[in-house]
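Engineer: One structure, as structure tokens, below. Some questions next.
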Amino acid sequence: MTDPETTQKSQVLCKHCCHPIPHGARICSICSSYQNCFSFIPFSSTILALLTALISVIGIVIPSLYGIFHTPQSEASLTMPSIDGTTLRVTAVNTGDAPASLIRAWVSSDLLAGATKVKLRNDDDALLVPGHKLLVFDIIPLLDEQGSYQHSLEMMSYITQNKPGPSTKVRFHVLQSDGRFAIQEFALSADDLFKLFRANADRCSAIDKVNFENGCIGAGVSADEP
């Protein structure tokens, strides 16, 4: 037979309803209240249901409020330029949540004519959506085959003498979604210019007449040659 005194010692009173419960019990079997640190918070199935519903509503309302008070904005920039002959590759990075746009690209140079074209191969890439993507341009200097070849030799002399080439920069006009704009520029080295002129000389070798669209403006292969 269980000693009543021992039974009494193995029980404690519920912190909320004061009903005897086993010593060490975490939840009262009568009022379902917690006996540990949560005892000061009146958890019940009803309150838990209300809290769950409140959290769900907050999860729906906060994004909506964010959309009302937040104006999407772009943060676009260009980086990692690389030259491969007459091909220029640039990575566009937009860390914002709205698209930016590339307005134009051009060359500023002590050597190349101001009319040198920097053409984006795919016009759709001018829209710089959030994220990152590769932009590919064609640099088209207004030179004939002989002029391109002579310039390539000139750049070779700069390279062998370990001297910087004539100042040549490709500039980009980037417009953000809120109207801010920035002009970014990348300098071309003597080695970049050497590759550019050699590639342009090769391209012009197949052109038999003046062609301002592709940049070759002088003698290449004569139309009379087989």
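Going through the structure tokens in order, the chains are called A, B, and so on, while each chain numbers its residues from 1 and the ligands are numbered from 1 in the order shown.
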May I have all residues of stretch 95-133 of chain A that DSSP, computed from the backbone, assigns to strand (DSSP E), given as a VMD selection string?
Structural biologist: chain A and resid 100 to 109 117 to 120 127 to 128 131 to 133
Engineer: Store the residues picked out above, limited to C-alpha atoms, as an mmCIF file, in the first residue's frame.
Structural biologist:
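Output below, filename result10.cif:
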data_model
loop_
_atom_site.group_PDB
_atom_site.id
_atom_site.type_symbol
_atom_site.label_atom_id
_atom_site.label_comp_id
_atom_site.auth_asym_id
_atom_site.auth_seq_id
_atom_site.Cartn_x
_atom_site.Cartn_y
_atom_site.Cartn_z
ATOM 1 C CA ALA A 100 18.142 49.580 -65.679
ATOM 2 C CA SER A 101 19.121 50.351 -69.256
ATOM 3 C CA LEU A 102 22.265 50.801 -71.295
ATOM 4 C CA ILE A 103 21.782 54.010 -73.270
ATOM 5 C CA ARG A 104 24.875 53.923 -75.455
ATOM 6 C CA ALA A 105 28.538 52.970 -75.724
ATOM 7 C CA TRP A 106 31.309 54.844 -77.481
ATOM 8 C CA VAL A 107 35.086 55.217 -77.753
ATOM 9 C CA SER A 108 37.186 58.120 -76.506
ATOM 10 C CA SER A 109 40.686 57.774 -77.908
ATOM 11 C CA LYS A 117 31.382 52.266 -83.434
ATOM 12 C CA VAL A 118 30.765 50.200 -80.313
ATOM 13 C CA LYS A 119 27.743 48.100 -81.280
ATOM 14 C CA LEU A 120 25.787 45.863 -78.912
ATOM 15 C CA LEU A 127 17.727 46.192 -70.723
ATOM 16 C CA LEU A 128 19.711 45.349 -67.579
ATOM 17 C CA GLY A 131 20.788 39.696 -61.732
ATOM 18 C CA HIS A 132 23.755 39.521 -64.060
ATOM 19 C CA LYS A 133 24.366 38.799 -67.729
#
Engineer: Taking the chain letters and numbering used in this document, name the residues of stretch 105-217 of chain A that DSSP puts in alpha helix (DSSP H), as a PDB file with N, CA and C atoms, in the first residue's frame.
Structural biologist:
ATOM      1  N   GLU A 145      42.183  48.134 -94.424  1.00  0.00           N
ATOM      2  CA  GLU A 145      43.060  47.033 -94.051  1.00  0.00           C
ATOM      3  C   GLU A 145      44.474  47.521 -93.757  1.00  0.00           C
ATOM      4  N   GLN A 146      45.020  48.387 -94.649  1.00  0.00           N
ATOM      5  CA  GLN A 146      46.397  48.856 -94.481  1.00  0.00           C
ATOM      6  C   GLN A 146      46.544  49.690 -93.211  1.00  0.00           C
ATOM      7  N   GLY A 147      45.579  50.571 -92.976  1.00  0.00           N
ATOM      8  CA  GLY A 147      45.643  51.403 -91.776  1.00  0.00           C
ATOM      9  C   GLY A 147      45.584  50.571 -90.503  1.00  0.00           C
ATOM     10  N   SER A 148      44.713  49.561 -90.494  1.00  0.00           N
ATOM     11  CA  SER A 148      44.604  48.681 -89.331  1.00  0.00           C
ATOM     12  C   SER A 148      45.908  47.930 -89.092  1.00  0.00           C
ATOM     13  N   TYR A 149      46.515  47.451 -90.200  1.00  0.00           N
ATOM     14  CA  TYR A 149      47.760  46.704 -90.075  1.00  0.00           C
ATOM     15  C   TYR A 149      48.888  47.604 -89.548  1.00  0.00           C
ATOM     16  N   GLN A 150      48.983  48.827 -90.052  1.00  0.00           N
ATOM     17  CA  GLN A 150      50.016  49.747 -89.595  1.00  0.00           C
ATOM     18  C   GLN A 150      49.856  50.068 -88.110  1.00  0.00           C
ATOM     19  N   HIS A 151      48.618  50.257 -87.682  1.00  0.00           N
ATOM     20  CA  HIS A 151      48.371  50.531 -86.267  1.00  0.00           C
ATOM     21  C   HIS A 151      48.741  49.329 -85.400  1.00  0.00           C
ATOM     22  N   SER A 152      48.522  48.129 -85.916  1.00  0.00           N
ATOM     23  CA  SER A 152      48.876  46.936 -85.140  1.00  0.00           C
ATOM     24  C   SER A 152      50.393  46.869 -84.940  1.00  0.00           C
ATOM     25  N   LEU A 153      51.169  47.252 -85.969  1.00  0.00           N
ATOM     26  CA  LEU A 153      52.628  47.288 -85.833  1.00  0.00           C
ATOM     27  C   LEU A 153      53.052  48.343 -84.812  1.00  0.00           C
ATOM     28  N   GLU A 154      52.348  49.469 -84.828  1.00  0.00           N
ATOM     29  CA  GLU A 154      52.656  50.527 -83.875  1.00  0.00           C
ATOM     30  C   GLU A 154      52.406  50.047 -82.442  1.00  0.00           C
ATOM     31  N   MET A 155      51.295  49.326 -82.251  1.00  0.00           N
ATOM     32  CA  MET A 155      50.992  48.808 -80.915  1.00  0.00           C
ATOM     33  C   MET A 155      52.005  47.745 -80.498  1.00  0.00           C
ATOM     34  N   MET A 156      52.511  46.992 -81.458  1.00  0.00           N
ATOM     35  CA  MET A 156      53.528  45.999 -81.144  1.00  0.00           C
ATOM     36  C   MET A 156      54.785  46.668 -80.587  1.00  0.00           C
ATOM     37  N   SER A 157      55.141  47.837 -81.119  1.00  0.00           N
ATOM     38  CA  SER A 157      56.321  48.548 -80.615  1.00  0.00           C
ATOM     39  C   SER A 157      56.090  49.013 -79.170  1.00  0.00           C
ATOM     40  N   TYR A 158      54.865  49.441 -78.858  1.00  0.00           N
ATOM     41  CA  TYR A 158      54.560  49.819 -77.473  1.00  0.00           C
ATOM     42  C   TYR A 158      54.709  48.620 -76.548  1.00  0.00           C
ATOM     43  N   ILE A 159      54.238  47.474 -77.000  1.00  0.00           N
ATOM     44  CA  ILE A 159      54.282  46.268 -76.171  1.00  0.00           C
ATOM     45  C   ILE A 159      55.724  45.845 -75.904  1.00  0.00           C
ATOM     46  N   THR A 160      56.546  45.823 -76.959  1.00  0.00           N
ATOM     47  CA  THR A 160      57.942  45.383 -76.798  1.00  0.00           C
ATOM     48  C   THR A 160      58.735  46.349 -75.919  1.00  0.00           C
ATOM     49  N   ALA A 190      47.761  48.541 -74.679  1.00  0.00           N
ATOM     50  CA  ALA A 190      48.419  48.401 -75.982  1.00  0.00           C
ATOM     51  C   ALA A 190      48.176  47.011 -76.554  1.00  0.00           C
ATOM     52  N   ASP A 191      48.155  46.004 -75.682  1.00  0.00           N
ATOM     53  CA  ASP A 191      47.903  44.636 -76.144  1.00  0.00           C
ATOM     54  C   ASP A 191      46.476  44.506 -76.677  1.00  0.00           C
ATOM     55  N   ASP A 192      45.506  45.126 -75.980  1.00  0.00           N
ATOM     56  CA  ASP A 192      44.117  45.109 -76.450  1.00  0.00           C
ATOM     57  C   ASP A 192      44.007  45.771 -77.825  1.00  0.00           C
ATOM     58  N   LEU A 193      44.698  46.905 -77.982  1.00  0.00           N
ATOM     59  CA  LEU A 193      44.648  47.634 -79.251  1.00  0.00           C
ATOM     60  C   LEU A 193      45.321  46.847 -80.366  1.00  0.00           C
ATOM     61  N   PHE A 194      46.405  46.163 -80.045  1.00  0.00           N
ATOM     62  CA  PHE A 194      47.069  45.324 -81.042  1.00  0.00           C
ATOM     63  C   PHE A 194      46.099  44.253 -81.573  1.00  0.00           C
ATOM     64  N   LYS A 195      45.415  43.574 -80.662  1.00  0.00           N
ATOM     65  CA  LYS A 195      44.457  42.541 -81.073  1.00  0.00           C
ATOM     66  C   LYS A 195      43.324  43.144 -81.894  1.00  0.00           C
ATOM     67  N   LEU A 196      42.876  44.330 -81.487  1.00  0.00           N
ATOM     68  CA  LEU A 196      41.785  45.002 -82.188  1.00  0.00           C
ATOM     69  C   LEU A 196      42.173  45.315 -83.629  1.00  0.00           C
ATOM     70  N   PHE A 197      43.342  45.910 -83.826  1.00  0.00           N
ATOM     71  CA  PHE A 197      43.762  46.311 -85.173  1.00  0.00           C
ATOM     72  C   PHE A 197      44.080  45.106 -86.063  1.00  0.00           C
ATOM     73  N   ARG A 198      44.699  44.084 -85.498  1.00  0.00           N
ATOM     74  CA  ARG A 198      44.989  42.899 -86.304  1.00  0.00           C
ATOM     75  C   ARG A 198      43.703  42.217 -86.755  1.00  0.00           C
ATOM     76  N   ALA A 199      42.725  42.112 -85.832  1.00  0.00           N
ATOM     77  CA  ALA A 199      41.449  41.498 -86.183  1.00  0.00           C
ATOM     78  C   ALA A 199      40.713  42.329 -87.223  1.00  0.00           C
ATOM     79  N   ASN A 200      40.798  43.665 -87.099  1.00  0.00           N
ATOM     80  CA  ASN A 200      40.122  44.529 -88.070  1.00  0.00           C
ATOM     81  C   ASN A 200      40.797  44.454 -89.436  1.00  0.00           C
ATOM     82  N   ALA A 201      42.127  44.313 -89.465  1.00  0.00           N
ATOM     83  CA  ALA A 201      42.835  44.156 -90.732  1.00  0.00           C
ATOM     84  C   ALA A 201      42.395  42.867 -91.429  1.00  0.00           C
ATOM     85  N   ASP A 202      42.269  41.794 -90.654  1.00  0.00           N
ATOM     86  CA  ASP A 202      41.815  40.523 -91.228  1.00  0.00           C
ATOM     87  C   ASP A 202      40.398  40.643 -91.773  1.00  0.00           C
ATOM     88  N   ARG A 203      39.553  41.340 -91.046  1.00  0.00           N
ATOM     89  CA  ARG A 203      38.172  41.498 -91.489  1.00  0.00           C
ATOM     90  C   ARG A 203      38.105  42.329 -92.767  1.00  0.00           C
ATOM     91  N   CYS A 204      38.899  43.395 -92.815  1.00  0.00           N
ATOM     92  CA  CYS A 204      38.861  44.286 -93.970  1.00  0.00           C
ATOM     93  C   CYS A 204      39.478  43.654 -95.225  1.00  0.00           C
TER      94      CYS A 204
END
Engineer: A:Ser189: which residues within 8 Å, counting only C-alpha atoms, same-chain residues fewer than 6 positions away excluded, as a short mmCIF file (atom, residue, chain, number, x, y, z; two decimals) with N, CA, C and O atoms, in the first residue's frame?
Structural biologist:
data_model
loop_
_atom_site.label_atom_id
_atom_site.label_comp_id
_atom_site.auth_asym_id
_atom_site.auth_seq_id
_atom_site.Cartn_x
_atom_site.Cartn_y
_atom_site.Cartn_z
N PRO A 164 52.73 52.08 -72.19
CA PRO A 164 51.27 52.11 -72.39
C PRO A 164 50.93 52.64 -73.77
O PRO A 164 51.61 53.54 -74.29
N GLY A 165 49.88 52.11 -74.36
CA GLY A 165 49.46 52.58 -75.67
C GLY A 165 48.76 53.93 -75.58
O GLY A 165 48.55 54.47 -74.49
N THR A 168 43.01 55.13 -74.77
CA THR A 168 41.80 54.67 -75.47
C THR A 168 40.85 54.09 -74.43
O THR A 168 41.20 53.15 -73.71
#
Engineer: Sorted by chain and rising residue number, list the residues of stretch 82-158 of chain A at most 7 Å from stretch 73-77 of chain A (counting only C-alpha atoms), each with its closest atom pair and distance in Å to one decimal, as a Markdown table.
Structural biologist:
| residue | atom | partner | partner_atom | distance |
| --- | --- | --- | --- | --- |
| A:Ala92 | CA | A:Ser77 | CA | 5.8 |
| A:Val93 | CA | A:Ser77 | CA | 5.4 |
| A:Asn94 | CA | A:Ala76 | CA | 4.0 |
| A:Thr95 | CA | A:Glu75 | CA | 5.3 |
| A:Gly96 | CA | A:Ser74 | CA | 4.2 |
| A:Asp97 | CA | A:Gln73 | CA | 5.6 |
| A:Ala98 | CA | A:Ser74 | CA | 4.6 |
| A:Pro99 | CA | A:Ser74 | CA | 5.6 |
| A:Ala100 | CA | A:Ser74 | CA | 5.7 |
